[in-house]
Amino acid sequence: MQKSVIEYLVKTAHRLPEKVALVDEQGSVTFSELLRSAFVIADAIRETGVERTPIGVYIPKSALMIRAFAGISMSGNFYVPLDTKSPDSRIMTILETLQSQVIITDAARLDHVRQIAPDKQIVLIDDALQREMQAGADAEQYLSHQISTDAVYSVFTSGSTGTPKGVVIAHQGVIDYIDWAIETFKIDETAIIGNQAPFYFDNSILDIYLMYATGATMDIIPESYFSFPAKLIDYLNDHHINFIFWVPYALINVVNFDILSSKKPAYLRDVFFCGEVMPNKHLNYWRRHMPQCRYANLYGPTEITDACTYYLVDREFTDDEPLPIGRACRNTEMLILVDRQRRAEVGEPGELCVRGTGLAMGYYGDWEKTSNAFIQNPLNPYFPERIYCTGDTAYYNDRGEIMYVGRKDAQIKLNGFRIELGEIENAVLSSHMVDNCCIVFDRENKKIVLFYQAQQDLDLGAFRKAVLAKIPRYMLPSEYHREPSLRQNGSGKTDRSYYNKLINESK
């Protein structure tokens, strides 16, 4: 029985020692080099005396950061990716929440870490990698005290109160998820994964551990390429990338510049996406230009091990149709509950809840938020059984597929009508007059506001006529703002909180 994610790496390094595991701007790392890194970094961590505790990793996104993760997993602790571009105040808040005694960083950031965390022990990864590996180093001597319910990582999400929440995930959740993904999608060592997700964003879990488990190569695409779609496609071709798992915004940006009409990613065979709604308008563009690819829509909040539902795109959709989020991943059950009391009927919307091994263990150091989000299964009054309530609204269609509607807090009531803001966005995108959009509600003035990305200002008459073919008049936006491009958050998603604050906090 597998207890730790690091066992994937041990097996693959013994099977494919000289195969390239990681590629970044600094070069490449083989599987044997990555495993050696895990051993020597684990030794350096062990000398600090900590065990089963969170260790912050303050290193820019790179192969070096993955080597730090491997060493932390080998040591029996769990890693917490820290965004080096975040304000110091946020990093300090996370470190205060963790109450961890150890941080891993590199030489370039050593002085800064000493300044913002003067009371922490620092493991300098540059020095750790220069250590001699213990003679006869055996993974079992590191793993003998680990069990599958130990934490493997914690990622911090934004909290409604402004305080970040640390979601803690166990090894077993990652193992179940990766084993399911390999079996379902038949991923093997021939995959060359083009990584987009930041390592503090849980979408990166699929990239990292498919690499560990299958012997695939993970190519860390420099962030700057995602701002220049033509160069991005060139990068995919130059590096022979055949598998991508990106947030929809990265795919949408390629569409907005119509890049695939002039150049195509010749080696690409798998296009997976997760993190926010993928509009069929943009997906259909990809499907027309790259019909040979396999497309998969994955869904899952951070409180689940990356994803809990999936839909392999198997039929045609019109531009204005929503895309299913599909069915539950293995060892997971999706519950659509009405008022958290009963199962919803087919076609009836309710809150999407999850049970299974992929559930997070909770929020680090915050019992109150944990108990509010991870509740007793109301359908099981007989013994303790936790489910996670996502705050998302969904329903089952006639095919038994789950259809995502939107956030519960994105449902508004205006002039007596209940309105889903996501439905308006879908109608706006299907007009083909904008490249991307974000709908927010001005609470004070009771107005629906549209922020849109387009080459020119809208012809409002033609626009309203097109949108009114999809939604009733009471759902029409009454205020419009054209943006050069929609602002993104650190995970590459449309930054909805920014636009909400822009409208509702500037009054």
# chains A, B, ... in the order shown; residues from 1 in each chain; ligands from 1
>>> residues_around(residues="A:Ile221", least_positions_apart="5", cutoff="7 Å", atoms="only C-alpha atoms", output="mmCIF file with N, CA and C atoms, in the first residue's frame")
data_model
loop_
_atom_site.group_PDB
_atom_site.id
_atom_site.type_symbol
_atom_site.label_atom_id
_atom_site.label_comp_id
_atom_site.auth_asym_id
_atom_site.auth_seq_id
_atom_site.Cartn_x
_atom_site.Cartn_y
_atom_site.Cartn_z
ATOM 1 N N ASP A 24 13.024 24.002 -16.899
ATOM 2 C CA ASP A 24 12.695 25.402 -16.662
ATOM 3 C C ASP A 24 13.722 26.275 -17.362
ATOM 4 N N GLY A 194 3.018 20.842 -20.276
ATOM 5 C CA GLY A 194 3.314 22.278 -20.289
ATOM 6 C C GLY A 194 2.638 22.937 -19.109
ATOM 7 N N ASN A 195 3.396 23.178 -18.059
ATOM 8 C CA ASN A 195 2.817 23.692 -16.814
ATOM 9 C C ASN A 195 2.523 25.182 -16.896
ATOM 10 N N GLN A 196 1.291 25.549 -16.534
ATOM 11 C CA GLN A 196 0.894 26.957 -16.438
ATOM 12 C C GLN A 196 0.603 27.362 -15.001
#
>>> residues_around(residues="stretch 287-301 of chain A", least_positions_apart="4", cutoff="6 Å", atoms="only C-alpha atoms", output="VMD selection string")
chain A and resid 269 to 274 306 to 313
>>> select_by_dssp(residues="stretch 230-373 of chain A", states="strand (DSSP E or B)", output="VMD selection string")
chain A and resid 243 to 246 270 to 273 294 to 299 304 309 to 312 326 to 328 332 to 338 342 to 343 350 to 356 359 362 to 363
>>> residues_around(residues="A:Asn77", least_positions_apart="5", cutoff="10 Å", atoms="only C-alpha atoms", output="list in words")
Ala42, Ile45, Arg46, Val50, Glu51, Arg52, Thr53, Pro54, Ile55, Phe69, Gly71, Ile72, Gln146, Asp150, Ala151, Val152 and Tyr153 of chain A
>>> closest_atom_pairs(of="stretch 298-344 of chain A", to="stretch 427-439 of chain A", cutoff="10 Å", atoms="only C-alpha atoms", output="tab-separated table")
residue	atom	partner	partner_atom	distance
A:Thr318	CA	A:Ser430	CA	8.8
A:Asp319	CA	A:Ser430	CA	5.6
A:Asp320	CA	A:Ser430	CA	4.9
A:Glu321	CA	A:Ser430	CA	8.6
>>> closest_atom_pairs(of="stretch 329-367 of chain A", to="stretch 162-183 of chain A", cutoff="12 Å", atoms="only C-alpha atoms", output="Markdown table")
| residue | atom | partner | partner_atom | distance |
| --- | --- | --- | --- | --- |
| A:Cys329 | CA | A:Trp180 | CA | 7.4 |
| A:Arg330 | CA | A:Trp180 | CA | 6.3 |
| A:Asn331 | CA | A:Asp176 | CA | 7.6 |
| A:Thr332 | CA | A:Tyr177 | CA | 9.7 |
| A:Arg355 | CA | A:Gly173 | CA | 11.7 |
| A:Gly356 | CA | A:Gly173 | CA | 8.8 |
| A:Thr357 | CA | A:Gly173 | CA | 5.4 |
| A:Gly358 | CA | A:Gly173 | CA | 4.3 |
| A:Leu359 | CA | A:Gly173 | CA | 7.1 |
| A:Ala360 | CA | A:Ile169 | CA | 4.7 |
| A:Met361 | CA | A:Val168 | CA | 5.5 |
| A:Gly362 | CA | A:Val168 | CA | 5.8 |
| A:Tyr363 | CA | A:Val167 | CA | 4.7 |
| A:Tyr364 | CA | A:Gly166 | CA | 5.1 |
| A:Gly365 | CA | A:Gly166 | CA | 8.1 |
| A:Asp366 | CA | A:Lys165 | CA | 8.0 |
| A:Trp367 | CA | A:Lys165 | CA | 11.1 |
>>> write_last_selection(atoms="C-alpha atoms", output="PDB file, in the first residue's frame")
ATOM      1  CA  CYS A 329     -14.022  11.256 -10.009  1.00  0.00           C
ATOM      2  CA  ARG A 330     -13.359   7.825  -8.534  1.00  0.00           C
ATOM      3  CA  ASN A 331     -13.809   7.401  -4.767  1.00  0.00           C
ATOM      4  CA  THR A 332     -15.805  10.634  -4.697  1.00  0.00           C
ATOM      5  CA  ARG A 355     -17.686  13.467   0.026  1.00  0.00           C
ATOM      6  CA  GLY A 356     -14.710  11.143  -0.450  1.00  0.00           C
ATOM      7  CA  THR A 357     -10.997  10.724   0.183  1.00  0.00           C
ATOM      8  CA  GLY A 358     -10.124  13.892  -1.724  1.00  0.00           C
ATOM      9  CA  LEU A 359     -11.568  16.173   0.959  1.00  0.00           C
ATOM     10  CA  ALA A 360      -9.136  18.479   2.674  1.00  0.00           C
ATOM     11  CA  MET A 361      -8.496  17.855   6.339  1.00  0.00           C
ATOM     12  CA  GLY A 362      -9.609  21.411   7.039  1.00  0.00           C
ATOM     13  CA  TYR A 363      -8.156  24.901   7.363  1.00  0.00           C
ATOM     14  CA  TYR A 364      -4.861  25.053   9.198  1.00  0.00           C
ATOM     15  CA  GLY A 365      -5.305  26.426  12.707  1.00  0.00           C
ATOM     16  CA  ASP A 366      -8.914  27.525  12.106  1.00  0.00           C
ATOM     17  CA  TRP A 367     -11.412  25.155  13.687  1.00  0.00           C
TER      18      TRP A 367
END
>>> closest_residue(among="A:Asn500, A:Ser478, A:Thr214, A:Gln134", to="A:Lys19", atoms="only C-alpha atoms")
A:Thr214
>>> residues_around(residues="stretch 248-253 of chain A", least_positions_apart="4", cutoff="12 Å", atoms="only C-alpha atoms", output="PyMOL selection string")
chain A and resi 195-197+203+223-230+232-233+244+257-260+271-287+295-299+429+434-437+453-454+485-489+491-495
